[in-house]
file my_file.txt (compact mmCIF, C-alpha atoms)
# COMPACT_ATOMS: atom_id res chain seq x y z
CA MET A 226 -87.56 -43.74 -57.53
CA LYS A 227 -87.27 -45.93 -60.59
CA ILE A 228 -85.18 -44.65 -63.49
CA THR A 229 -87.03 -45.23 -66.75
CA SER A 230 -85.02 -45.64 -69.94
CA SER A 231 -87.52 -47.13 -72.39
CA ILE A 232 -86.61 -46.10 -75.95
CA PHE A 233 -89.12 -45.29 -78.66
CA ALA A 234 -88.45 -43.70 -82.03
CA LEU A 235 -89.99 -40.29 -81.39
CA ALA A 236 -89.45 -37.05 -83.29
CA LEU A 237 -90.83 -33.87 -81.75
CA VAL A 238 -89.32 -30.57 -82.57
CA LEU A 239 -88.36 -26.96 -82.78
CA SER A 240 -86.71 -23.61 -81.74
CA ALA A 241 -85.58 -21.72 -78.64
CA CYS A 242 -84.36 -18.82 -76.42
CA SER A 243 -81.85 -18.72 -73.39
CA ASP A 244 -81.61 -19.50 -69.62
CA ALA A 245 -78.95 -19.66 -66.89
CA VAL A 246 -75.77 -21.67 -66.52
CA VAL A 247 -74.01 -23.03 -63.45
CA ASN A 248 -70.67 -24.52 -64.40
CA PRO A 249 -68.99 -27.45 -62.62
CA ALA A 250 -66.78 -25.06 -60.65
CA GLY A 251 -69.88 -23.73 -58.94
CA ASP A 252 -69.88 -20.28 -60.52
CA ALA A 253 -73.37 -19.01 -61.31
CA VAL A 254 -73.85 -17.22 -64.61
CA SER A 255 -77.27 -15.67 -65.27
CA SER A 256 -78.78 -14.50 -68.53
CA PRO A 257 -81.72 -12.11 -69.02
CA ASP A 258 -84.19 -14.93 -69.78
CA VAL A 259 -84.00 -16.34 -66.24
CA GLU A 260 -86.65 -14.92 -63.93
CA GLY A 261 -86.02 -17.24 -60.98
CA GLN A 262 -82.82 -16.92 -58.94
CA TYR A 263 -80.27 -19.72 -58.98
CA GLU A 264 -78.55 -20.35 -55.66
CA LEU A 265 -76.77 -23.51 -56.73
CA ALA A 266 -73.21 -22.24 -56.40
CA ASP A 267 -73.34 -22.08 -52.60
CA ILE A 268 -75.29 -25.33 -52.39
CA GLN A 269 -72.79 -27.26 -54.48
CA ARG A 270 -70.03 -26.23 -52.08
CA ALA A 271 -72.08 -27.54 -49.14
CA LEU A 272 -73.08 -30.90 -50.67
CA ASP A 273 -71.05 -34.08 -50.30
CA MET A 274 -69.73 -34.66 -53.83
CA THR A 275 -67.15 -37.27 -52.80
CA GLN A 276 -69.37 -40.34 -53.27
CA GLY A 277 -70.13 -39.65 -56.92
CA VAL A 278 -71.31 -36.84 -59.17
CA ALA A 279 -73.94 -36.81 -61.91
CA GLU A 280 -75.42 -34.01 -64.00
CA PHE A 281 -79.09 -33.08 -63.88
CA GLN A 282 -81.27 -30.87 -66.05
CA VAL A 283 -84.47 -29.89 -64.23
CA ILE A 284 -87.55 -29.01 -66.31
CA HIS A 285 -90.77 -27.56 -64.85
CA ASN A 286 -93.72 -28.98 -66.81
CA ALA A 287 -96.35 -29.28 -64.05
CA ASP A 288 -99.51 -27.73 -65.51
CA ASP A 289 -101.38 -27.14 -62.24
CA PRO A 290 -101.78 -23.33 -61.85
CA LYS A 291 -101.06 -23.76 -58.12
CA ALA A 292 -97.59 -25.05 -59.02
CA ARG A 293 -96.92 -22.57 -61.81
CA ASN A 294 -93.89 -21.14 -60.01
CA VAL A 295 -92.10 -23.20 -57.36
CA ASP A 296 -89.11 -23.18 -55.03
CA VAL A 297 -86.80 -26.20 -55.21
CA TYR A 298 -84.66 -27.42 -52.29
CA VAL A 299 -81.74 -29.85 -52.46
CA ASP A 300 -80.95 -31.60 -49.17
CA GLY A 301 -82.89 -28.91 -47.33
CA MET A 302 -81.13 -25.96 -49.02
CA ARG A 303 -82.93 -23.67 -51.46
CA ALA A 304 -81.60 -24.33 -54.96
CA LEU A 305 -84.12 -22.69 -57.30
CA ASN A 306 -86.20 -19.72 -56.22
CA ASN A 307 -89.43 -18.93 -58.05
CA PHE A 308 -88.67 -21.51 -60.76
CA HIS A 309 -91.07 -20.80 -63.60
CA TYR A 310 -93.44 -23.16 -65.41
CA ARG A 311 -92.13 -24.34 -68.78
CA LYS A 312 -88.57 -23.27 -67.94
CA ALA A 313 -85.45 -25.39 -67.42
CA THR A 314 -81.98 -25.36 -65.91
CA PRO A 315 -78.81 -26.33 -67.75
CA PHE A 316 -77.15 -29.59 -66.71
CA ILE A 317 -76.07 -29.13 -63.08
CA PRO A 318 -73.48 -31.26 -61.21
CA LEU A 319 -74.99 -32.79 -58.04
CA PRO A 320 -74.25 -35.86 -55.88
CA THR A 321 -75.60 -39.25 -56.91
CA ASP A 322 -77.56 -39.41 -53.63
CA PHE A 323 -79.67 -36.44 -52.53
CA GLU A 324 -83.20 -35.34 -51.70
CA VAL A 325 -85.33 -32.85 -53.62
CA ALA A 326 -88.17 -30.94 -51.99
CA VAL A 327 -90.59 -28.73 -53.92
CA ALA A 328 -92.56 -25.86 -52.35
CA ARG A 329 -94.81 -23.17 -53.74
CA GLN A 330 -93.12 -19.90 -54.63
CA ASN A 331 -92.13 -17.51 -51.84
CA SER A 332 -91.68 -20.38 -49.39
CA LYS A 333 -89.91 -19.64 -46.11
CA SER A 334 -87.98 -22.91 -45.81
CA VAL A 335 -87.98 -26.57 -46.82
CA ASP A 336 -90.66 -27.09 -44.16
CA ASP A 337 -93.13 -25.56 -46.64
CA ALA A 338 -92.55 -28.37 -49.15
CA ILE A 339 -95.58 -29.83 -50.90
CA ALA A 340 -93.64 -32.90 -52.06
CA VAL A 341 -90.31 -34.59 -51.30
CA PHE A 342 -88.41 -36.97 -53.60
CA PRO A 343 -85.31 -39.01 -52.67
CA PHE A 344 -82.75 -39.78 -55.37
CA ALA A 345 -80.34 -42.60 -54.59
CA ASP A 346 -77.80 -44.90 -56.27
CA LEU A 347 -77.67 -42.89 -59.48
CA MET A 348 -74.89 -43.44 -61.99
CA ASP A 349 -71.61 -41.69 -61.22
CA GLY A 350 -70.88 -39.54 -64.26
CA GLY A 351 -74.41 -39.99 -65.62
CA ARG A 352 -76.58 -37.30 -67.19
CA TYR A 353 -80.24 -37.13 -66.18
CA LEU A 354 -83.31 -35.23 -67.19
CA VAL A 355 -85.66 -34.58 -64.26
CA VAL A 356 -89.14 -33.43 -65.30
CA ALA A 357 -91.61 -32.04 -62.77
CA ASP A 358 -95.15 -32.84 -63.91
CA GLY A 359 -98.63 -33.65 -62.67
CA VAL A 360 -101.28 -31.89 -60.60
CA LEU A 361 -101.88 -31.24 -56.92
CA PRO A 362 -104.96 -32.63 -55.13
CA SER A 363 -107.87 -30.21 -55.48
CA TRP A 364 -111.54 -30.09 -56.40
CA ARG A 365 -110.78 -28.97 -59.94
CA PHE A 366 -108.83 -32.12 -60.89
CA GLY A 367 -110.61 -34.80 -58.86
CA PRO A 368 -108.69 -38.04 -58.12
CA THR A 369 -104.99 -37.63 -58.90
CA ASP A 370 -103.99 -41.31 -58.90
CA GLY A 371 -101.32 -41.68 -61.57
CA ILE A 372 -101.25 -37.96 -62.41
CA GLY A 373 -100.24 -36.45 -59.06
CA PHE A 374 -97.32 -34.04 -58.84
CA ASN A 375 -94.15 -36.07 -59.39
CA LEU A 376 -90.58 -35.96 -60.64
CA TYR A 377 -89.76 -38.14 -63.64
CA PRO A 378 -86.03 -38.94 -64.10
CA TYR A 379 -84.48 -40.18 -67.33
CA LEU A 380 -80.90 -41.34 -67.89
CA VAL A 381 -79.49 -39.74 -71.05
CA GLU A 382 -77.21 -42.47 -72.36
CA ASP A 383 -74.57 -42.03 -75.04
CA VAL A 384 -75.93 -42.90 -78.49
CA GLU A 385 -74.75 -42.21 -82.01
CA CYS A 386 -76.93 -39.81 -83.97
CA GLU A 387 -75.94 -38.14 -87.23
CA GLY A 388 -79.04 -35.94 -87.21
CA VAL A 389 -80.87 -34.35 -84.28
CA ARG A 390 -81.32 -36.43 -81.14
CA MET A 391 -84.86 -35.91 -79.87
CA ILE A 392 -85.98 -36.93 -76.37
CA GLY A 393 -89.74 -36.62 -75.95
CA PHE A 394 -91.87 -36.67 -72.79
CA HIS A 395 -95.65 -37.14 -72.55
CA GLY A 396 -96.69 -34.64 -69.89
CA ILE A 397 -100.40 -34.09 -70.59
CA THR A 398 -102.31 -35.55 -67.65
CA ASP A 399 -105.70 -35.75 -69.39
CA ALA A 400 -104.45 -37.15 -72.70
CA PRO A 401 -104.36 -40.83 -73.68
CA ALA A 402 -101.36 -42.66 -75.10
CA VAL A 403 -100.30 -40.90 -78.30
CA ASN A 404 -98.42 -41.33 -81.54
CA ALA A 405 -96.16 -38.76 -83.16
CA VAL A 406 -96.73 -38.76 -86.92
CA VAL A 407 -94.46 -36.84 -89.28
CA ARG A 408 -96.27 -36.00 -92.49
CA GLY A 409 -94.59 -37.64 -95.43
CA VAL A 410 -92.61 -39.95 -93.15
CA GLY A 411 -95.08 -41.85 -90.97
CA VAL A 412 -95.34 -42.81 -87.31
CA VAL A 413 -92.07 -42.03 -85.56
CA GLY A 414 -93.19 -42.48 -81.95
CA GLY A 415 -95.90 -44.94 -81.06
CA ASP A 416 -98.12 -45.61 -78.04
CA VAL A 417 -96.37 -43.22 -75.63
CA SER A 418 -98.32 -42.84 -72.36
CA TYR A 419 -98.36 -40.05 -69.78
CA GLY A 420 -95.13 -39.96 -67.77
CA GLN A 421 -93.13 -41.87 -70.39
CA PHE A 422 -90.03 -40.75 -72.28
CA ALA A 423 -89.26 -41.68 -75.87
CA GLU A 424 -86.38 -40.84 -78.16
CA GLY A 425 -85.02 -41.13 -81.65
CA CYS A 426 -82.60 -39.65 -84.19
CA VAL A 427 -84.15 -37.38 -86.82
CA PRO A 428 -82.57 -35.94 -90.00
CA VAL A 429 -82.39 -32.16 -90.21
CA GLY A 430 -85.19 -30.52 -92.17
CA GLU A 431 -88.62 -28.97 -91.82
CA TYR A 432 -91.59 -31.13 -90.86
CA THR A 433 -95.21 -30.97 -89.79
CA LEU A 434 -95.75 -33.13 -86.73
CA ASP A 435 -99.21 -34.48 -85.91
CA VAL A 436 -100.05 -35.78 -82.43
CA THR A 437 -102.72 -38.48 -82.62
CA PRO A 438 -104.26 -40.97 -80.19
CA ALA A 439 -102.41 -44.29 -80.27
CA GLY A 440 -104.05 -46.51 -82.88
CA ALA A 441 -106.00 -43.66 -84.49
CA ASN A 442 -103.65 -41.76 -86.76
CA ASP A 443 -106.56 -40.28 -88.72
CA VAL A 444 -107.63 -38.31 -85.61
CA ILE A 445 -105.29 -35.33 -85.20
CA VAL A 446 -105.20 -33.86 -81.69
CA ALA A 447 -102.75 -31.10 -82.59
CA SER A 448 -100.17 -30.25 -85.26
CA PHE A 449 -96.88 -28.42 -84.84
CA THR A 450 -94.20 -26.98 -87.09
CA ALA A 451 -90.93 -28.88 -86.79
CA ASP A 452 -87.90 -26.95 -88.03
CA LEU A 453 -84.78 -29.00 -87.35
CA ASN A 454 -82.48 -27.11 -89.68
CA GLY A 455 -79.15 -26.14 -88.12
CA LEU A 456 -79.52 -28.58 -85.22
CA GLU A 457 -77.40 -31.47 -86.50
CA GLY A 458 -75.46 -33.12 -83.68
CA GLN A 459 -77.57 -31.52 -80.94
CA THR A 460 -79.84 -33.09 -78.34
CA VAL A 461 -83.23 -31.48 -77.81
CA THR A 462 -85.84 -32.43 -75.22
CA VAL A 463 -89.46 -31.88 -76.25
CA LEU A 464 -92.29 -32.09 -73.74
CA ALA A 465 -96.00 -32.40 -74.48
CA SER A 466 -97.48 -29.85 -72.10
CA GLY A 467 -100.80 -28.35 -70.99
CA PHE A 468 -104.28 -29.85 -70.88
CA LEU A 469 -106.24 -31.45 -73.67
CA SER A 470 -109.41 -30.05 -72.04
CA PRO A 471 -108.30 -27.10 -69.87
CA PRO A 472 -110.06 -27.12 -66.44
CA PRO A 473 -109.07 -24.06 -66.63
CA GLY A 474 -105.37 -24.23 -67.20
CA PRO A 475 -102.80 -23.96 -69.98
CA THR A 476 -103.78 -25.44 -73.33
CA ILE A 477 -101.80 -28.08 -75.18
CA ALA A 478 -98.36 -27.03 -76.43
CA LEU A 479 -94.87 -28.37 -76.95
CA VAL A 480 -92.01 -27.18 -74.73
CA VAL A 481 -88.60 -27.41 -76.35
CA VAL A 482 -85.52 -27.51 -74.09
CA TYR A 483 -81.86 -27.40 -75.10
CA GLU A 484 -78.89 -28.63 -73.09
CA ASP A 485 -77.94 -25.12 -71.96
CA GLY A 486 -81.37 -24.57 -70.35
CA THR A 487 -82.82 -22.61 -73.25
CA SER A 488 -86.56 -23.20 -73.57
CA LYS A 489 -89.35 -22.30 -75.98
CA THR A 490 -93.09 -22.97 -75.92
CA ILE A 491 -94.65 -23.83 -79.29
CA SER A 492 -98.39 -23.50 -79.88
CA PRO A 493 -100.34 -25.74 -82.28
CA LEU A 494 -100.57 -24.59 -85.89
CA ASP A 495 -104.26 -23.68 -85.56
CA ASP A 496 -103.62 -21.62 -82.41
CA ASP A 497 -103.58 -17.88 -83.07
CA ASP A 498 -101.66 -17.11 -79.87
CA ASP A 499 -97.97 -16.25 -79.91
CA ASP A 500 -96.05 -19.04 -78.18
CA ASP A 501 -94.10 -17.74 -75.15
CA ASP A 502 -95.85 -14.36 -75.22
CA ASP A 503 -99.14 -16.15 -74.55
CA ASP A 504 -97.68 -17.82 -71.48
CA ASP A 505 -96.52 -14.47 -70.13
CA ASP A 506 -99.91 -12.85 -70.76
CA ASP A 507 -101.66 -15.63 -68.85
CA ASP A 508 -99.47 -15.31 -65.74
CA GLU A 509 -101.46 -12.56 -64.03
CA GLU A 510 -104.83 -14.12 -64.84
CA GLU A 511 -103.85 -17.52 -63.46
CA GLU A 512 -102.32 -15.98 -60.34
CA GLU A 513 -105.58 -14.11 -59.73
CA GLU A 514 -107.57 -17.33 -60.19
CA GLU A 515 -105.24 -19.07 -57.75
CA GLU A 516 -105.70 -16.34 -55.13
CA GLU A 517 -109.48 -16.47 -55.51
CA GLU A 518 -109.47 -20.25 -55.15
CA GLU A 519 -107.33 -20.09 -52.01
CA GLU A 520 -109.68 -17.49 -50.52
CA GLU A 521 -112.65 -19.77 -51.25
CA GLU A 522 -110.89 -22.72 -49.60
CA GLU A 523 -110.05 -20.61 -46.53
CA GLY A 524 -113.67 -19.48 -46.31
CA THR A 525 -114.88 -23.08 -46.15
CA ASP A 526 -112.52 -24.09 -43.32

call {"tool": "encode", "arguments": {"input": "my_file.txt", "output": "structure tokens"}}
result
Amino acid sequence: MKITSSIFALALVLSACSDAVVNPAGDAVSSPDVEGQYELADIQRALDMTQGVAEFQVIHNADDPKARNVDVYVDGMRALNNFHYRKATPFIPLPTDFEVAVARQNSKSVDDAIAVFPFADLMDGGRYLVVADGVLPSWRFGPTDGIGFNLYPYLVEDVECEGVRMIGFHGITDAPAVNAVVRGVGVVGGDVSYGQFAEGCVPVGEYTLDVTPAGANDVIVASFTADLNGLEGQTVTVLASGFLSPPPGPTIALVVVYEDGTSKTISPLDDDDDDDDDDDDDDEEEEEEEEEEEEEEEGTD
């Protein structure tokens, strides 16, 4: 798997809540925001960490309702159980060579995996973001070439930033390449395509961020409030999430992730829904849709 480190000047934004922490000693510390169970402490003791160690933050941004909650295996051992959509882990120490398998929630073992991804020859001591994104093959999405379920790694290199370091990810499968336009400032991230990362250093302050198609800044796809006050010296990852034209599925939003695994979903300014609360309210409806779809598929076998 190729490690992409293309740099764009991108500013995307915002605020947060809290997740779980697993420290380098392998001790698991949970907080009330974490709904999935972390089993990394035992796994870290079983993995071969002698050939090199890197840190990984895993972010679930796959919009397919069938992958809304997943189980994650590392070298065949369950690492994340019922890992929720639009949630993240903190940075976790793992070997520089390992294999990740992803299964639907409530899987029995790694044999239930829907996708397997090898990671090899990563930088000893490096820090990586790993974003799960894309859709599974089904009638509702049609051909999935280029937008199939995948893991996107990104090496977080050391850079100097006197403001807020923003790392953005384009994770909307049905959206074109986009620009990020800060009102009163201009284009701060240009021509970013699906599956690409972009980053930049942004002064603290409050902004309105417009997402526009690349080359058409007068056409606003969505606008978001960007409050960067109090974040000087921090690194924040911001993911474009959801569907531009829901099939059905989650609508467009930004997912903000901090280094400690804290995450927050931000709705567009013209959306009357209430950020994370809207995600929670949709859980049961999407699970019911998923069950109905699976019953239909079984009936056609």

call {"tool": "closest_residue", "arguments": {"input": "my_file.txt", "among": "A:Arg352, A:Leu272, A:Ala338, A:Asp416", "to": "Asp296 in chain A", "atoms": "only C-alpha atoms"}}
result
A:Ala338

call {"tool": "closest_atom_pairs", "arguments": {"input": "my_file.txt", "of": "range 261-326 of chain A", "to": "range 375-394 of chain A", "cutoff": "12 Å", "atoms": "all atoms listed in the file", "output": "tab-separated table"}}
result
residue	atom	partner	partner_atom	distance
A:Ala279	CA	A:Leu380	CA	10.2
A:Glu280	CA	A:Leu380	CA	9.9
A:Phe281	CA	A:Pro378	CA	9.1
A:Gln282	CA	A:Pro378	CA	9.6
A:Val283	CA	A:Pro378	CA	9.2
A:Ile284	CA	A:Leu376	CA	9.5
A:His285	CA	A:Leu376	CA	9.4
A:Asn286	CA	A:Leu376	CA	9.8
A:Ala287	CA	A:Asn375	CA	8.5
A:Asp288	CA	A:Asn375	CA	11.7
A:Asp289	CA	A:Asn375	CA	11.8
A:Ala292	CA	A:Asn375	CA	11.6
A:Val297	CA	A:Leu376	CA	11.8
A:Phe316	CA	A:Val381	CA	11.3
A:Glu324	CA	A:Leu376	CA	11.6
A:Val325	CA	A:Leu376	CA	9.3
A:Ala326	CA	A:Leu376	CA	10.3

call {"tool": "write_last_selection", "arguments": {"input": "my_file.txt", "atoms": "C-alpha atoms", "output": "short mmCIF file (atom, residue, chain, number, x, y, z; two decimals), in the coordinates of the input"}}
result
data_model
loop_
_atom_site.label_atom_id
_atom_site.label_comp_id
_atom_site.auth_asym_id
_atom_site.auth_seq_id
_atom_site.Cartn_x
_atom_site.Cartn_y
_atom_site.Cartn_z
CA ALA A 279 -73.94 -36.81 -61.91
CA GLU A 280 -75.42 -34.01 -64.00
CA PHE A 281 -79.09 -33.08 -63.88
CA GLN A 282 -81.27 -30.87 -66.05
CA VAL A 283 -84.47 -29.89 -64.23
CA ILE A 284 -87.55 -29.01 -66.31
CA HIS A 285 -90.77 -27.56 -64.85
CA ASN A 286 -93.72 -28.98 -66.81
CA ALA A 287 -96.35 -29.28 -64.05
CA ASP A 288 -99.51 -27.73 -65.51
CA ASP A 289 -101.38 -27.14 -62.24
CA ALA A 292 -97.59 -25.05 -59.02
CA VAL A 297 -86.80 -26.20 -55.21
CA PHE A 316 -77.15 -29.59 -66.71
CA GLU A 324 -83.20 -35.34 -51.70
CA VAL A 325 -85.33 -32.85 -53.62
CA ALA A 326 -88.17 -30.94 -51.99
#

call {"tool": "closest_residue", "arguments": {"input": "my_file.txt", "among": "A:Asp485, A:Asp495, A:Asp358, A:Asp399", "to": "Asp435 in chain A", "atoms": "only C-alpha atoms"}}
result
A:Asp495

call {"tool": "residues_near_point", "arguments": {"input": "my_file.txt", "point": "(-94.7, -28.6, -79.5)", "cutoff": "10 Å", "atoms": "all atoms listed in the file", "output": "ChimeraX atom specification"}}
result
/A:237-240,434-436,447-451,463-466,477-481,489-494,500

call {"tool": "write_last_selection", "arguments": {"input": "my_file.txt", "atoms": "C-alpha atoms", "output": "compact mmCIF listing (two decimals), in the frame of the given file"}}
result
# COMPACT_ATOMS: atom_id res chain seq x y z
CA LEU A 237 -90.83 -33.87 -81.75
CA VAL A 238 -89.32 -30.57 -82.57
CA LEU A 239 -88.36 -26.96 -82.78
CA SER A 240 -86.71 -23.61 -81.74
CA LEU A 434 -95.75 -33.13 -86.73
CA ASP A 435 -99.21 -34.48 -85.91
CA VAL A 436 -100.05 -35.78 -82.43
CA ALA A 447 -102.75 -31.10 -82.59
CA SER A 448 -100.17 -30.25 -85.26
CA PHE A 449 -96.88 -28.42 -84.84
CA THR A 450 -94.20 -26.98 -87.09
CA ALA A 451 -90.93 -28.88 -86.79
CA VAL A 463 -89.46 -31.88 -76.25
CA LEU A 464 -92.29 -32.09 -73.74
CA ALA A 465 -96.00 -32.40 -74.48
CA SER A 466 -97.48 -29.85 -72.10
CA ILE A 477 -101.80 -28.08 -75.18
CA ALA A 478 -98.36 -27.03 -76.43
CA LEU A 479 -94.87 -28.37 -76.95
CA VAL A 480 -92.01 -27.18 -74.73
CA VAL A 481 -88.60 -27.41 -76.35
CA LYS A 489 -89.35 -22.30 -75.98
CA THR A 490 -93.09 -22.97 -75.92
CA ILE A 491 -94.65 -23.83 -79.29
CA SER A 492 -98.39 -23.50 -79.88
CA PRO A 493 -100.34 -25.74 -82.28
CA LEU A 494 -100.57 -24.59 -85.89
CA ASP A 500 -96.05 -19.04 -78.18

call {"tool": "closest_residue", "arguments": {"input": "my_file.txt", "among": "A:Pro315, A:Ser363, A:Asp370, A:Asn307", "to": "Lys333 in chain A", "atoms": "all atoms listed in the file"}}
result
A:Asn307

call {"tool": "closest_residue", "arguments": {"input": "my_file.txt", "among": "A:Thr487, A:Asn442, A:Thr275, A:Ser332", "to": "Arg303 in chain A", "atoms": "all atoms listed in the file"}}
result
A:Ser332

call {"tool": "atom_distance", "arguments": {"input": "my_file.txt", "atom1": "CA of Pro401 in chain A", "atom2": "CA of Lys312 in chain A"}}
result
24.3 Å

call {"tool": "closest_residue", "arguments": {"input": "my_file.txt", "among": "A:Leu347, A:Gly301, A:Tyr353, A:Ala313", "to": "Val335 in chain A", "atoms": "all atoms listed in the file"}}
result
A:Gly301

call {"tool": "residues_around", "arguments": {"input": "my_file.txt", "residues": "Leu453 in chain A", "least_positions_apart": "6", "cutoff": "6 Å", "atoms": "all atoms listed in the file", "output": "list of chain:residue names"}}
result
A:Val429, A:Gly430, A:Glu431

call {"tool": "write_last_selection", "arguments": {"input": "my_file.txt", "atoms": "C-alpha atoms", "output": "short mmCIF file (atom, residue, chain, number, x, y, z; two decimals), in the frame of the given file"}}
result
data_model
loop_
_atom_site.label_atom_id
_atom_site.label_comp_id
_atom_site.auth_asym_id
_atom_site.auth_seq_id
_atom_site.Cartn_x
_atom_site.Cartn_y
_atom_site.Cartn_z
CA VAL A 429 -82.39 -32.16 -90.21
CA GLY A 430 -85.19 -30.52 -92.17
CA GLU A 431 -88.62 -28.97 -91.82
#

call {"tool": "residues_around", "arguments": {"input": "my_file.txt", "residues": "Phe323 in chain A", "least_positions_apart": "2", "cutoff": "8 Å", "atoms": "all atoms listed in the file", "output": "list in words"}}
result
Val299, Asp300, Pro320, Thr321, Val325, Pro343, Phe344 and Ala345 of chain A

call {"tool": "write_last_selection", "arguments": {"input": "my_file.txt", "atoms": "C-alpha atoms", "output": "mmCIF file, in the frame of the given file"}}
result
data_model
loop_
_atom_site.group_PDB
_atom_site.id
_atom_site.type_symbol
_atom_site.label_atom_id
_atom_site.label_comp_id
_atom_site.auth_asym_id
_atom_site.auth_seq_id
_atom_site.Cartn_x
_atom_site.Cartn_y
_atom_site.Cartn_z
ATOM 1 C CA VAL A 299 -81.740 -29.850 -52.460
ATOM 2 C CA ASP A 300 -80.950 -31.600 -49.170
ATOM 3 C CA PRO A 320 -74.250 -35.860 -55.880
ATOM 4 C CA THR A 321 -75.600 -39.250 -56.910
ATOM 5 C CA VAL A 325 -85.330 -32.850 -53.620
ATOM 6 C CA PRO A 343 -85.310 -39.010 -52.670
ATOM 7 C CA PHE A 344 -82.750 -39.780 -55.370
ATOM 8 C CA ALA A 345 -80.340 -42.600 -54.590
#

call {"tool": "axis_aligned_box", "arguments": {"input": "my_file.txt", "around": "range 356-361 of chain A", "padding_each_side": "3 Å", "output": "AutoDock Vina command-line options"}}
result
--center_x -95.5 --center_y -32.4 --center_z -61.1 --size_x 18.7 --size_y 8.4 --size_z 14.4
